[in-house]
>>> print(open('entry-v1.cif').read())   # mmCIF, C-alpha atoms
data_run
loop_
_atom_site.label_atom_id
_atom_site.label_comp_id
_atom_site.auth_asym_id
_atom_site.auth_seq_id
_atom_site.Cartn_x
_atom_site.Cartn_y
_atom_site.Cartn_z
CA MET X 221 36.54 -118.74 -151.44
CA THR X 222 34.78 -119.35 -148.14
CA THR X 223 36.37 -121.82 -145.77
CA ASN X 224 34.36 -124.48 -143.99
CA GLU X 225 35.81 -123.71 -140.60
CA ARG X 226 33.29 -122.77 -137.95
CA ILE X 227 34.13 -119.79 -135.82
CA ASP X 228 31.86 -118.97 -132.90
CA ILE X 229 33.28 -115.55 -132.08
CA ALA X 230 35.43 -113.48 -134.44
CA ILE X 231 37.28 -110.52 -132.96
CA VAL X 232 38.58 -107.76 -135.22
CA GLY X 233 41.43 -105.83 -133.61
CA GLY X 234 44.13 -106.98 -131.17
CA GLY X 235 44.30 -104.10 -128.71
CA PRO X 236 43.34 -104.40 -125.04
CA ALA X 237 39.60 -104.59 -125.85
CA GLY X 238 40.10 -107.42 -128.36
CA LEU X 239 42.55 -109.34 -126.19
CA ALA X 240 40.29 -109.12 -123.13
CA ALA X 241 37.32 -110.22 -125.24
CA GLY X 242 39.45 -113.06 -126.62
CA LEU X 243 40.39 -114.22 -123.14
CA TYR X 244 36.76 -114.43 -121.99
CA ALA X 245 35.41 -115.89 -125.23
CA ALA X 246 38.08 -118.59 -125.43
CA ARG X 247 37.77 -119.36 -121.75
CA ALA X 248 34.03 -119.89 -122.29
CA LEU X 249 35.14 -122.66 -124.69
CA ARG X 250 33.89 -120.85 -127.76
CA ARG X 251 36.00 -121.25 -130.90
CA THR X 252 37.48 -117.75 -131.05
CA VAL X 253 39.74 -116.15 -133.65
CA LEU X 254 41.22 -112.67 -133.35
CA TRP X 255 42.46 -110.74 -136.40
CA GLU X 256 45.10 -108.03 -136.04
CA ARG X 257 46.18 -105.99 -139.05
CA GLY X 258 49.16 -104.34 -137.35
CA VAL X 259 50.92 -104.73 -134.04
CA ILE X 260 49.29 -106.66 -131.21
CA GLY X 261 48.33 -104.28 -128.40
CA GLY X 262 47.19 -101.47 -130.69
CA GLN X 263 47.95 -98.09 -129.20
CA ILE X 264 49.63 -99.51 -126.08
CA ALA X 265 52.17 -101.42 -128.21
CA THR X 266 54.04 -98.19 -128.79
CA THR X 267 53.62 -96.81 -125.27
CA SER X 268 56.92 -97.04 -123.43
CA THR X 269 55.43 -97.10 -119.95
CA VAL X 270 51.80 -97.69 -119.01
CA GLU X 271 51.43 -96.13 -115.57
CA ASN X 272 47.68 -96.29 -115.09
CA TYR X 273 46.78 -99.97 -115.49
CA PRO X 274 45.79 -101.25 -112.05
CA GLY X 275 48.06 -103.90 -110.63
CA PHE X 276 51.40 -102.64 -111.93
CA ALA X 277 52.77 -100.51 -109.08
CA GLU X 278 55.85 -99.44 -111.02
CA GLY X 279 54.18 -99.24 -114.44
CA VAL X 280 54.63 -101.71 -117.27
CA ASN X 281 55.98 -101.59 -120.82
CA GLY X 282 53.00 -101.38 -123.20
CA LEU X 283 54.11 -104.10 -125.60
CA ASP X 284 55.07 -106.43 -122.75
CA LEU X 285 51.58 -105.99 -121.30
CA ALA X 286 50.00 -106.66 -124.71
CA LEU X 287 52.11 -109.79 -125.26
CA ALA X 288 51.19 -111.05 -121.79
CA MET X 289 47.49 -110.45 -122.54
CA ARG X 290 47.82 -112.39 -125.81
CA GLN X 291 49.67 -115.25 -124.14
CA GLN X 292 47.02 -115.43 -121.41
CA ALA X 293 44.17 -115.56 -123.97
CA GLU X 294 46.00 -118.08 -126.18
CA ARG X 295 46.48 -120.34 -123.16
CA PHE X 296 42.69 -120.75 -123.18
CA GLY X 297 42.53 -121.39 -126.91
CA LEU X 298 42.36 -118.00 -128.61
CA GLU X 299 43.80 -118.08 -132.13
CA THR X 300 45.49 -114.92 -133.47
CA ARG X 301 45.81 -114.20 -137.19
CA TYR X 302 47.88 -111.32 -138.55
CA GLU X 303 45.70 -110.26 -141.45
CA ALA X 304 43.64 -107.18 -142.21
CA ILE X 305 39.90 -107.77 -142.45
CA SER X 306 38.82 -105.88 -145.55
CA GLU X 307 35.08 -106.54 -145.41
CA LEU X 308 32.47 -107.59 -142.88
CA ARG X 309 28.92 -108.51 -143.92
CA ARG X 310 25.87 -110.40 -142.70
CA ALA X 311 25.31 -113.85 -144.19
CA GLY X 312 22.50 -116.18 -143.14
CA ASP X 313 22.34 -116.28 -139.36
CA GLY X 314 25.93 -115.10 -138.99
CA PHE X 315 28.63 -113.04 -140.66
CA ILE X 316 31.36 -113.30 -143.29
CA LEU X 317 34.79 -111.76 -142.71
CA ALA X 318 36.94 -111.20 -145.79
CA SER X 319 40.73 -110.85 -145.82
CA ALA X 320 43.52 -111.37 -148.36
CA GLU X 321 43.46 -115.05 -147.31
CA GLY X 322 39.81 -115.53 -148.26
CA GLU X 323 36.42 -115.41 -146.58
CA VAL X 324 35.61 -116.89 -143.20
CA PRO X 325 32.19 -117.34 -141.58
CA ALA X 326 31.54 -116.51 -137.92
CA ARG X 327 28.43 -116.67 -135.75
CA ALA X 328 29.17 -113.55 -133.72
CA VAL X 329 31.60 -110.69 -134.30
CA ILE X 330 33.17 -108.30 -131.81
CA VAL X 331 34.78 -105.31 -133.51
CA THR X 332 37.56 -103.85 -131.37
CA ALA X 333 39.46 -102.08 -134.15
CA GLY X 334 40.19 -99.08 -131.95
CA ALA X 335 41.43 -95.80 -133.27
CA GLU X 336 44.19 -94.61 -135.54
CA ALA X 337 46.41 -91.54 -135.49
CA ILE X 338 45.08 -88.44 -137.20
CA ARG X 339 47.48 -86.93 -139.72
CA LEU X 340 47.92 -83.17 -139.88
CA GLY X 341 47.22 -83.19 -143.61
CA VAL X 342 49.78 -80.50 -144.44
CA PRO X 343 52.11 -80.39 -147.48
CA GLY X 344 55.29 -82.41 -147.00
CA GLU X 345 53.86 -84.60 -144.23
CA ALA X 346 53.11 -87.69 -146.33
CA GLU X 347 56.22 -87.28 -148.50
CA LEU X 348 58.54 -87.15 -145.47
CA THR X 349 56.88 -89.87 -143.37
CA GLY X 350 59.66 -92.23 -142.32
CA ARG X 351 62.14 -89.49 -143.18
CA GLY X 352 61.63 -87.41 -140.07
CA VAL X 353 57.83 -87.32 -139.88
CA SER X 354 56.69 -89.92 -137.37
CA TYR X 355 53.65 -90.90 -135.34
CA CYS X 356 55.65 -92.94 -132.83
CA ALA X 357 58.36 -91.26 -130.79
CA THR X 358 59.12 -94.43 -128.85
CA CYS X 359 59.93 -96.08 -132.20
CA ASP X 360 61.93 -93.36 -133.87
CA ALA X 361 63.23 -90.82 -131.34
CA ALA X 362 66.58 -92.59 -131.04
CA PHE X 363 67.42 -91.67 -134.64
CA PHE X 364 67.45 -88.02 -133.67
CA ARG X 365 70.30 -87.71 -131.18
CA ASP X 366 71.60 -84.24 -130.35
CA VAL X 367 69.37 -82.50 -132.91
CA PRO X 368 66.26 -80.37 -132.38
CA VAL X 369 62.87 -82.05 -132.93
CA ALA X 370 59.24 -80.96 -132.78
CA ILE X 371 56.24 -82.64 -131.14
CA VAL X 372 52.79 -81.56 -132.32
CA GLY X 373 49.86 -81.87 -129.90
CA GLY X 374 48.84 -81.13 -126.33
CA GLY X 375 47.26 -84.29 -124.92
CA ASP X 376 48.69 -87.11 -122.81
CA ALA X 377 50.26 -88.86 -125.80
CA ALA X 378 52.01 -85.71 -127.01
CA ILE X 379 53.44 -84.86 -123.59
CA ASP X 380 54.42 -88.45 -122.81
CA GLU X 381 56.27 -88.72 -126.13
CA ALA X 382 57.86 -85.28 -125.70
CA LEU X 383 59.27 -86.38 -122.35
CA PHE X 384 60.56 -89.61 -123.91
CA THR X 385 62.17 -87.70 -126.79
CA THR X 386 64.18 -85.49 -124.40
CA ARG X 387 66.41 -88.53 -123.79
CA TYR X 388 67.87 -88.10 -127.26
CA ALA X 389 67.13 -84.71 -128.81
CA SER X 390 69.09 -81.55 -128.06
CA LYS X 391 65.84 -79.59 -127.91
CA VAL X 392 62.16 -80.53 -128.05
CA TYR X 393 59.73 -77.92 -129.37
CA LEU X 394 56.17 -78.62 -128.31
CA ILE X 395 53.80 -77.11 -130.83
CA HIS X 396 50.22 -76.74 -129.67
CA ARG X 397 47.34 -74.89 -131.27
CA ARG X 398 45.84 -73.81 -127.95
CA ASP X 399 47.26 -71.87 -125.00
CA GLU X 400 46.93 -74.71 -122.52
CA LEU X 401 47.49 -78.46 -122.48
CA ARG X 402 44.82 -81.15 -122.32
CA ALA X 403 47.31 -83.59 -120.82
CA SER X 404 46.95 -84.82 -117.24
CA LYS X 405 48.44 -82.56 -114.55
CA VAL X 406 51.16 -85.01 -113.57
CA LEU X 407 52.49 -85.10 -117.15
CA GLN X 408 52.16 -81.33 -117.51
CA GLU X 409 54.26 -80.76 -114.40
CA ARG X 410 56.99 -83.04 -115.72
CA ALA X 411 56.98 -81.28 -119.09
CA PHE X 412 57.15 -77.79 -117.55
CA ALA X 413 60.05 -78.96 -115.36
CA SER X 414 62.09 -80.20 -118.35
CA SER X 415 64.80 -77.79 -119.45
CA LYS X 416 64.82 -79.36 -122.93
CA ILE X 417 61.14 -78.73 -123.76
CA GLU X 418 60.19 -75.36 -125.21
CA PHE X 419 56.50 -74.57 -125.77
CA SER X 420 55.08 -72.84 -128.84
CA TRP X 421 51.51 -71.95 -127.83
CA ASN X 422 48.68 -71.01 -130.25
CA THR X 423 50.76 -72.38 -133.08
CA VAL X 424 50.00 -74.72 -135.98
CA VAL X 425 52.23 -76.45 -138.53
CA GLU X 426 51.42 -75.32 -142.08
CA ARG X 427 54.08 -77.16 -144.04
CA VAL X 428 56.94 -79.63 -143.59
CA ASP X 429 60.03 -78.67 -145.56
CA GLY X 430 63.00 -80.81 -146.57
CA GLU X 431 64.55 -82.55 -149.56
CA ALA X 432 65.46 -86.09 -148.52
CA ALA X 433 64.54 -85.61 -144.85
CA VAL X 434 62.78 -83.11 -142.61
CA GLU X 435 64.75 -79.85 -142.38
CA SER X 436 62.25 -77.33 -141.01
CA LEU X 437 58.59 -76.66 -140.29
CA GLN X 438 56.63 -73.63 -141.34
CA LEU X 439 54.65 -72.50 -138.31
CA CYS X 440 51.82 -70.03 -138.01
CA ASP X 441 50.70 -68.21 -134.87
CA VAL X 442 46.92 -68.58 -134.97
CA ARG X 443 46.38 -65.33 -133.03
CA THR X 444 48.65 -62.95 -134.90
CA GLY X 445 48.89 -64.81 -138.22
CA GLU X 446 52.66 -64.42 -138.00
CA ARG X 447 54.65 -67.11 -139.86
CA ARG X 448 58.11 -68.44 -139.05
CA SER X 449 60.36 -71.31 -139.99
CA LEU X 450 61.56 -73.69 -137.27
CA PRO X 451 64.63 -75.80 -138.12
CA VAL X 452 64.11 -79.36 -136.82
CA ALA X 453 65.19 -82.83 -137.94
CA ALA X 454 61.94 -84.52 -137.00
CA MET X 455 58.26 -83.89 -136.41
CA PHE X 456 56.32 -86.28 -134.18
CA VAL X 457 52.56 -85.88 -134.51
CA PHE X 458 50.11 -86.65 -131.69
CA VAL X 459 46.95 -84.70 -132.44
CA GLY X 460 44.45 -87.38 -131.57
CA GLN X 461 42.80 -90.42 -133.06
CA ARG X 462 39.77 -91.29 -135.07
CA PRO X 463 37.82 -94.54 -134.79
CA ALA X 464 38.86 -97.24 -137.29
CA SER X 465 35.23 -98.03 -138.08
CA GLU X 466 35.24 -98.40 -141.89
CA LEU X 467 34.17 -102.06 -141.56
CA LEU X 468 31.03 -101.03 -139.72
CA ARG X 469 29.96 -98.28 -142.09
CA GLY X 470 26.65 -99.26 -143.71
CA LEU X 471 26.35 -102.28 -141.42
CA THR X 472 25.38 -100.56 -138.20
CA ARG X 473 24.88 -97.06 -136.80
CA LEU X 474 27.84 -94.72 -136.28
CA ASP X 475 27.81 -91.31 -134.59
CA ALA X 476 28.99 -88.13 -136.32
CA GLY X 477 32.58 -88.84 -135.26
CA GLY X 478 32.45 -92.35 -136.74
CA HIS X 479 32.13 -94.19 -133.41
CA ALA X 480 29.90 -97.27 -133.26
CA ILE X 481 26.68 -96.74 -131.33
CA VAL X 482 26.18 -99.56 -128.83
CA ASN X 483 24.16 -100.18 -125.69
CA GLU X 484 25.62 -100.89 -122.26
CA TRP X 485 26.25 -104.52 -123.35
CA MET X 486 28.33 -103.39 -126.34
CA GLU X 487 25.57 -104.61 -128.67
CA THR X 488 25.04 -102.80 -131.96
CA ASP X 489 21.60 -102.80 -133.57
CA VAL X 490 22.64 -105.91 -135.54
CA PRO X 491 22.08 -109.15 -133.56
CA GLY X 492 25.43 -110.89 -132.98
CA LEU X 493 27.50 -107.82 -133.83
CA PHE X 494 29.32 -106.08 -130.98
CA ALA X 495 31.68 -103.09 -130.80
CA ALA X 496 33.97 -102.44 -127.84
CA GLY X 497 36.82 -100.18 -126.77
CA ASP X 498 37.93 -96.95 -128.42
CA ILE X 499 35.82 -97.63 -131.50
CA ARG X 500 32.55 -97.14 -129.62
CA ALA X 501 30.77 -93.93 -128.71
CA GLN X 502 30.84 -92.63 -125.13
CA SER X 503 33.95 -94.52 -124.08
CA ALA X 504 36.40 -93.13 -121.54
CA ARG X 505 39.12 -94.28 -124.01
CA GLN X 506 41.39 -95.78 -121.41
CA LEU X 507 43.24 -99.09 -121.40
CA VAL X 508 41.22 -100.29 -118.42
CA THR X 509 37.85 -99.32 -119.86
CA ALA X 510 38.74 -100.83 -123.25
CA ALA X 511 39.57 -104.13 -121.55
CA GLY X 512 36.32 -103.89 -119.57
CA ASP X 513 34.34 -103.23 -122.74
CA GLY X 514 35.90 -106.26 -124.39
CA VAL X 515 34.93 -108.47 -121.47
CA THR X 516 31.35 -107.15 -121.48
CA ALA X 517 31.06 -107.83 -125.21
CA ALA X 518 32.46 -111.35 -124.86
CA ILE X 519 30.06 -112.24 -122.03
CA ARG X 520 27.12 -110.92 -124.02
CA ALA X 521 28.28 -112.68 -127.19
CA GLU X 522 28.44 -115.92 -125.23
CA HIS X 523 24.82 -115.41 -124.09
CA TYR X 524 23.83 -114.61 -127.67
CA LEU X 525 25.34 -117.85 -128.97
CA ALA X 526 23.74 -119.88 -126.19
CA GLU X 527 20.28 -118.47 -126.87
CA ARG X 528 20.47 -118.28 -130.64
CA PHE X 529 22.33 -121.49 -131.52
CA ASP X 530 22.80 -123.85 -128.56
CA ALA X 531 19.11 -123.83 -127.59
CA ALA X 532 18.08 -124.62 -131.16
CA ALA X 533 20.57 -127.48 -131.48
CA MET N 226 61.28 -121.56 -139.81
CA ALA N 227 64.57 -119.93 -140.78
CA HIS N 228 66.29 -117.45 -138.52
CA PRO N 229 67.64 -114.41 -140.39
CA ALA N 230 71.36 -113.97 -139.67
CA ASP N 231 72.86 -110.69 -138.46
CA THR N 232 74.60 -108.34 -140.82
CA THR N 233 76.78 -105.49 -139.52
CA ASP N 234 78.58 -102.32 -140.56
CA THR N 235 81.62 -104.45 -141.41
CA THR N 236 79.92 -107.31 -143.24
CA PHE N 237 77.16 -105.36 -145.00
CA ASP N 238 79.01 -104.88 -148.32
CA ALA N 239 79.79 -108.57 -148.72
CA ASP N 240 76.50 -109.82 -147.22
CA VAL N 241 74.15 -107.52 -149.10
CA LEU N 242 75.63 -105.29 -151.78
CA GLN N 243 77.69 -108.05 -153.42
CA SER N 244 75.07 -110.76 -153.07
CA ASP N 245 73.91 -112.54 -156.23
CA THR N 246 70.56 -113.44 -154.64
CA PRO N 247 68.10 -110.70 -153.63
CA VAL N 248 68.42 -109.73 -149.96
CA LEU N 249 65.82 -108.48 -147.49
CA VAL N 250 67.32 -106.56 -144.56
CA ASP N 251 65.25 -106.02 -141.41
CA PHE N 252 66.46 -102.83 -139.66
CA TRP N 253 65.61 -103.11 -135.97
CA ALA N 254 66.68 -102.13 -132.46
CA PRO N 255 66.08 -103.76 -129.09
CA TRP N 256 64.02 -100.82 -127.76
CA CYS N 257 61.60 -100.81 -130.71
CA GLY N 258 58.32 -102.54 -129.83
CA PRO N 259 56.94 -102.92 -133.35
CA CYS N 260 60.30 -104.40 -134.43
CA ARG N 261 59.72 -107.23 -131.96
CA MET N 262 56.44 -107.89 -133.76
CA VAL N 263 57.98 -107.81 -137.24
CA ALA N 264 60.72 -110.30 -136.37
CA PRO N 265 58.53 -113.46 -136.23
CA ILE N 266 56.85 -112.52 -139.52
CA VAL N 267 60.22 -112.00 -141.20
CA GLU N 268 61.24 -115.41 -139.86
CA GLU N 269 58.19 -117.04 -141.43
CA LEU N 270 58.84 -115.32 -144.75
CA ALA N 271 62.48 -116.42 -144.59
CA GLY N 272 61.23 -120.01 -144.51
CA GLU N 273 58.81 -119.51 -147.39
CA TYR N 274 61.31 -117.71 -149.63
CA GLU N 275 64.26 -119.98 -148.77
CA GLY N 276 66.66 -120.28 -151.71
CA ARG N 277 65.09 -117.31 -153.52
CA VAL N 278 65.75 -114.46 -151.09
CA LYS N 279 68.40 -114.06 -148.41
CA PHE N 280 66.99 -112.65 -145.11
CA LEU N 281 69.24 -110.64 -142.80
CA LYS N 282 68.73 -108.33 -139.85
CA LEU N 283 70.69 -105.26 -138.80
CA ASN N 284 70.70 -103.76 -135.31
CA THR N 285 70.67 -99.99 -135.94
CA ASP N 286 72.05 -99.19 -132.46
CA GLU N 287 75.17 -101.27 -133.02
CA ASN N 288 75.53 -100.46 -136.73
CA PRO N 289 74.91 -96.74 -137.18
CA ARG N 290 76.99 -96.47 -140.37
CA VAL N 291 74.72 -98.61 -142.55
CA ALA N 292 71.59 -97.15 -140.94
CA SER N 293 72.66 -93.60 -141.74
CA GLN N 294 74.02 -94.55 -145.20
CA PHE N 295 70.50 -95.63 -146.19
CA GLY N 296 68.77 -92.76 -144.40
CA ILE N 297 66.93 -94.98 -141.92
CA ARG N 298 64.90 -92.61 -139.73
CA SER N 299 62.17 -94.94 -138.63
CA ILE N 300 62.09 -98.58 -137.65
CA PRO N 301 61.05 -101.19 -138.34
CA THR N 302 62.21 -100.65 -141.93
CA LEU N 303 62.66 -103.48 -144.40
CA LEU N 304 64.87 -102.85 -147.44
CA VAL N 305 65.05 -105.22 -150.39
CA PHE N 306 68.29 -105.23 -152.39
CA LYS N 307 68.87 -106.70 -155.83
CA GLN N 308 72.37 -106.64 -157.35
CA GLY N 309 73.42 -104.05 -154.77
CA SER N 310 70.55 -101.59 -155.32
CA ILE N 311 67.44 -100.92 -153.25
CA VAL N 312 64.36 -102.19 -155.08
CA GLY N 313 61.89 -102.06 -152.21
CA GLN N 314 61.39 -100.20 -148.95
CA ILE N 315 58.74 -100.93 -146.34
CA VAL N 316 58.56 -98.60 -143.32
CA GLY N 317 56.54 -99.60 -140.28
CA PHE N 318 54.72 -102.75 -139.32
CA ARG N 319 52.70 -104.51 -142.03
CA PRO N 320 50.76 -107.77 -141.96
CA LYS N 321 52.48 -110.78 -143.47
CA SER N 322 50.31 -110.95 -146.60
CA ASP N 323 51.21 -107.31 -147.32
CA LEU N 324 54.92 -107.98 -146.93
CA ALA N 325 54.75 -111.03 -149.20
CA LYS N 326 52.90 -109.01 -151.83
CA ARG N 327 55.46 -106.18 -151.70
CA LEU N 328 58.30 -108.70 -151.88
CA ASP N 329 56.78 -110.55 -154.86
CA ALA N 330 56.35 -107.27 -156.69
CA VAL N 331 60.08 -106.52 -156.67
CA LEU N 332 61.47 -110.02 -157.21
#
>>> encode(input="entry-v1.cif", output="structure tokens")
Amino acid sequence: MTTNERIDIAIVGGGPAGLAAGLYAARALRRTVLWERGVIGGQIATTSTVENYPGFAEGVNGLDLALAMRQQAERFGLETRYEAISELRRAGDGFILASAEGEVPARAVIVTAGAEAIRLGVPGEAELTGRGVSYCATCDAAFFRDVPVAIVGGGDAAIDEALFTTRYASKVYLIHRRDELRASKVLQERAFASSKIEFSWNTVVERVDGEAAVESLQLCDVRTGERRSLPVAAMFVFVGQRPASELLRGLTRLDAGGHAIVNEWMETDVPGLFAAGDIRAQSARQLVTAAGDGVTAAIRAEHYLAERFDAAA
Amino acid sequence: MAHPADTTDTTFDADVLQSDTPVLVDFWAPWCGPCRMVAPIVEELAGEYEGRVKFLKLNTDENPRVASQFGIRSIPTLLVFKQGSIVGQIVGFRPKSDLAKRLDAVL
């Protein structure tokens, strides 16, 4: 069933890119609806402290920032719907977005679906998710008080979450497949200074063991091939993200990593279809740049509507 | 919109396990961002399922006994109880339509 409502700009994804796009689109008096399939704010919703968004001298809680962005955009008329968009296709001179609630037409679409956590893909990981395997330390670390836990990864997210987890755990093992961290220097220094964090370099997780909950990890040293078992009550995984670009597959061009290929105006090769934020190729993948991308896409979408529809009316 | 009442370590048996109507319990904590996002959705569902399902919430920080009894290791977690047994478990944030579907499946 297709509804008769008329949406000027549909936004898919409620992270910083989508919320910034929503603010500009709604403020340009375009009827704008944003769909979010999970938590508003996307990746920042589970970030305890955002320290690198300009304007917050002392840092800001990620979810608080996301809720403030939503409130600001809604003040100008943005509508937010908590549904997953399952299909996006061209129809006539616009698009159709399908969700469990039905199909909705829109004249322009900005896809800001961002990126999702990569799983390790090892035995035991899926079975023990929610039972010690987690992709959000800020959500779950408090359940592991005074027990040893493991963090897998070496980037900013892994180190940030490792530092957060030291508040609760008796010991935090940082398991990283390389011999150096990718994380920013300031985070590295804090991690090296923590007496609770112990580093396992050149090491990968091969298996997660446990009956009803995580009991240990089987580790392998990638240089020597030596295997050992590490007793921990939890494994938090932060090994990177991949773009959530399934909706765009077959509709527009993606690069080898699955990122949408856009020009400097966030335009795809389909007129009226934009992609912004972490989902696009060649992004710096920062909160600030995602928000900037969203704004660029919204301004261009507004021009598109003015040229394509308003002029003809 | 109905506001789910609190259940605690002391009242859990009477509130949930001995309830004649099915019960959905929202396990949450004040520091959990995604939990703050689940709460309004649970409130909406509480309104829609009024009379058919009892909606309660449990603060895992203040009520560690129940949380550990049911092996809660990740929040938000929603558990659905029928005649004192768990019939449904949803870990992590899900859109409302998903939650309704999962709830309908076990009722």
>>> resolve_selection(input="entry-v1.cif", expression="the PyMOL selection byres ((chain X) within 12 of (chain N))", output="PDB file with C-alpha atoms, keeping the file's coordinate frame")
ATOM      1  CA  TRP X 255      42.460-110.740-136.400  1.00  0.00           C
ATOM      2  CA  GLU X 256      45.100-108.030-136.040  1.00  0.00           C
ATOM      3  CA  ARG X 257      46.180-105.990-139.050  1.00  0.00           C
ATOM      4  CA  GLY X 258      49.160-104.340-137.350  1.00  0.00           C
ATOM      5  CA  VAL X 259      50.920-104.730-134.040  1.00  0.00           C
ATOM      6  CA  ILE X 260      49.290-106.660-131.210  1.00  0.00           C
ATOM      7  CA  GLY X 261      48.330-104.280-128.400  1.00  0.00           C
ATOM      8  CA  GLY X 262      47.190-101.470-130.690  1.00  0.00           C
ATOM      9  CA  GLN X 263      47.950 -98.090-129.200  1.00  0.00           C
ATOM     10  CA  ILE X 264      49.630 -99.510-126.080  1.00  0.00           C
ATOM     11  CA  ALA X 265      52.170-101.420-128.210  1.00  0.00           C
ATOM     12  CA  THR X 266      54.040 -98.190-128.790  1.00  0.00           C
ATOM     13  CA  THR X 267      53.620 -96.810-125.270  1.00  0.00           C
ATOM     14  CA  SER X 268      56.920 -97.040-123.430  1.00  0.00           C
ATOM     15  CA  THR X 269      55.430 -97.100-119.950  1.00  0.00           C
ATOM     16  CA  ASN X 281      55.980-101.590-120.820  1.00  0.00           C
ATOM     17  CA  GLY X 282      53.000-101.380-123.200  1.00  0.00           C
ATOM     18  CA  LEU X 283      54.110-104.100-125.600  1.00  0.00           C
ATOM     19  CA  ASP X 284      55.070-106.430-122.750  1.00  0.00           C
ATOM     20  CA  LEU X 285      51.580-105.990-121.300  1.00  0.00           C
ATOM     21  CA  ALA X 286      50.000-106.660-124.710  1.00  0.00           C
ATOM     22  CA  LEU X 287      52.110-109.790-125.260  1.00  0.00           C
ATOM     23  CA  ARG X 301      45.810-114.200-137.190  1.00  0.00           C
ATOM     24  CA  TYR X 302      47.880-111.320-138.550  1.00  0.00           C
ATOM     25  CA  GLU X 303      45.700-110.260-141.450  1.00  0.00           C
ATOM     26  CA  ALA X 304      43.640-107.180-142.210  1.00  0.00           C
ATOM     27  CA  ILE X 305      39.900-107.770-142.450  1.00  0.00           C
ATOM     28  CA  SER X 319      40.730-110.850-145.820  1.00  0.00           C
ATOM     29  CA  ALA X 320      43.520-111.370-148.360  1.00  0.00           C
ATOM     30  CA  GLU X 321      43.460-115.050-147.310  1.00  0.00           C
ATOM     31  CA  GLY X 322      39.810-115.530-148.260  1.00  0.00           C
ATOM     32  CA  LEU X 348      58.540 -87.150-145.470  1.00  0.00           C
ATOM     33  CA  THR X 349      56.880 -89.870-143.370  1.00  0.00           C
ATOM     34  CA  GLY X 350      59.660 -92.230-142.320  1.00  0.00           C
ATOM     35  CA  ARG X 351      62.140 -89.490-143.180  1.00  0.00           C
ATOM     36  CA  GLY X 352      61.630 -87.410-140.070  1.00  0.00           C
ATOM     37  CA  VAL X 353      57.830 -87.320-139.880  1.00  0.00           C
ATOM     38  CA  SER X 354      56.690 -89.920-137.370  1.00  0.00           C
ATOM     39  CA  TYR X 355      53.650 -90.900-135.340  1.00  0.00           C
ATOM     40  CA  CYS X 356      55.650 -92.940-132.830  1.00  0.00           C
ATOM     41  CA  ALA X 357      58.360 -91.260-130.790  1.00  0.00           C
ATOM     42  CA  THR X 358      59.120 -94.430-128.850  1.00  0.00           C
ATOM     43  CA  CYS X 359      59.930 -96.080-132.200  1.00  0.00           C
ATOM     44  CA  ASP X 360      61.930 -93.360-133.870  1.00  0.00           C
ATOM     45  CA  ALA X 361      63.230 -90.820-131.340  1.00  0.00           C
ATOM     46  CA  ALA X 362      66.580 -92.590-131.040  1.00  0.00           C
ATOM     47  CA  PHE X 363      67.420 -91.670-134.640  1.00  0.00           C
ATOM     48  CA  PHE X 364      67.450 -88.020-133.670  1.00  0.00           C
ATOM     49  CA  ARG X 365      70.300 -87.710-131.180  1.00  0.00           C
ATOM     50  CA  ALA X 432      65.460 -86.090-148.520  1.00  0.00           C
ATOM     51  CA  ALA X 433      64.540 -85.610-144.850  1.00  0.00           C
ATOM     52  CA  VAL X 434      62.780 -83.110-142.610  1.00  0.00           C
ATOM     53  CA  ALA X 453      65.190 -82.830-137.940  1.00  0.00           C
ATOM     54  CA  ALA X 454      61.940 -84.520-137.000  1.00  0.00           C
ATOM     55  CA  MET X 455      58.260 -83.890-136.410  1.00  0.00           C
ATOM     56  CA  PHE X 456      56.320 -86.280-134.180  1.00  0.00           C
TER      57      PHE X 456
END
>>> resolve_selection(input="entry-v1.cif", expression="the PyMOL selection byres ((chain N and resi 227-242) around 6)", output="number ranges by chain")
N: 226, 243-244, 268, 271-272, 280-283, 288, 291, 309
>>> write_last_selection(input="entry-v1.cif", atoms="C-alpha atoms", output="PDB file, keeping the file's coordinate frame")
ATOM      1  CA  MET N 226      61.280-121.560-139.810  1.00  0.00           C
ATOM      2  CA  GLN N 243      77.690-108.050-153.420  1.00  0.00           C
ATOM      3  CA  SER N 244      75.070-110.760-153.070  1.00  0.00           C
ATOM      4  CA  GLU N 268      61.240-115.410-139.860  1.00  0.00           C
ATOM      5  CA  ALA N 271      62.480-116.420-144.590  1.00  0.00           C
ATOM      6  CA  GLY N 272      61.230-120.010-144.510  1.00  0.00           C
ATOM      7  CA  PHE N 280      66.990-112.650-145.110  1.00  0.00           C
ATOM      8  CA  LEU N 281      69.240-110.640-142.800  1.00  0.00           C
ATOM      9  CA  LYS N 282      68.730-108.330-139.850  1.00  0.00           C
ATOM     10  CA  LEU N 283      70.690-105.260-138.800  1.00  0.00           C
ATOM     11  CA  ASN N 288      75.530-100.460-136.730  1.00  0.00           C
ATOM     12  CA  VAL N 291      74.720 -98.610-142.550  1.00  0.00           C
ATOM     13  CA  GLY N 309      73.420-104.050-154.770  1.00  0.00           C
TER      14      GLY N 309
END
>>> residues_around(input="entry-v1.cif", residues="Arg473 in chain X", least_positions_apart="2", cutoff="12 Å", atoms="only C-alpha atoms", output="VMD selection string")
chain X and resid 465 to 471 475 to 483 487 to 490 493 to 495 500 to 501
>>> resolve_selection(input="entry-v1.cif", expression="the PyMOL selection byres ((chain X and resi 238) around 8)", output="VMD selection string")
chain X and resid 231 to 237 239 to 242 254 330 to 333 496 511 514
>>> axis_aligned_box(input="entry-v1.cif", around="range 275-280 of chain X", padding_each_side="8 Å", output="JSON")
{"center_x": 52.0, "center_y": -101.6, "center_z": -113.2, "size_x": 23.8, "size_y": 20.7, "size_z": 24.2}
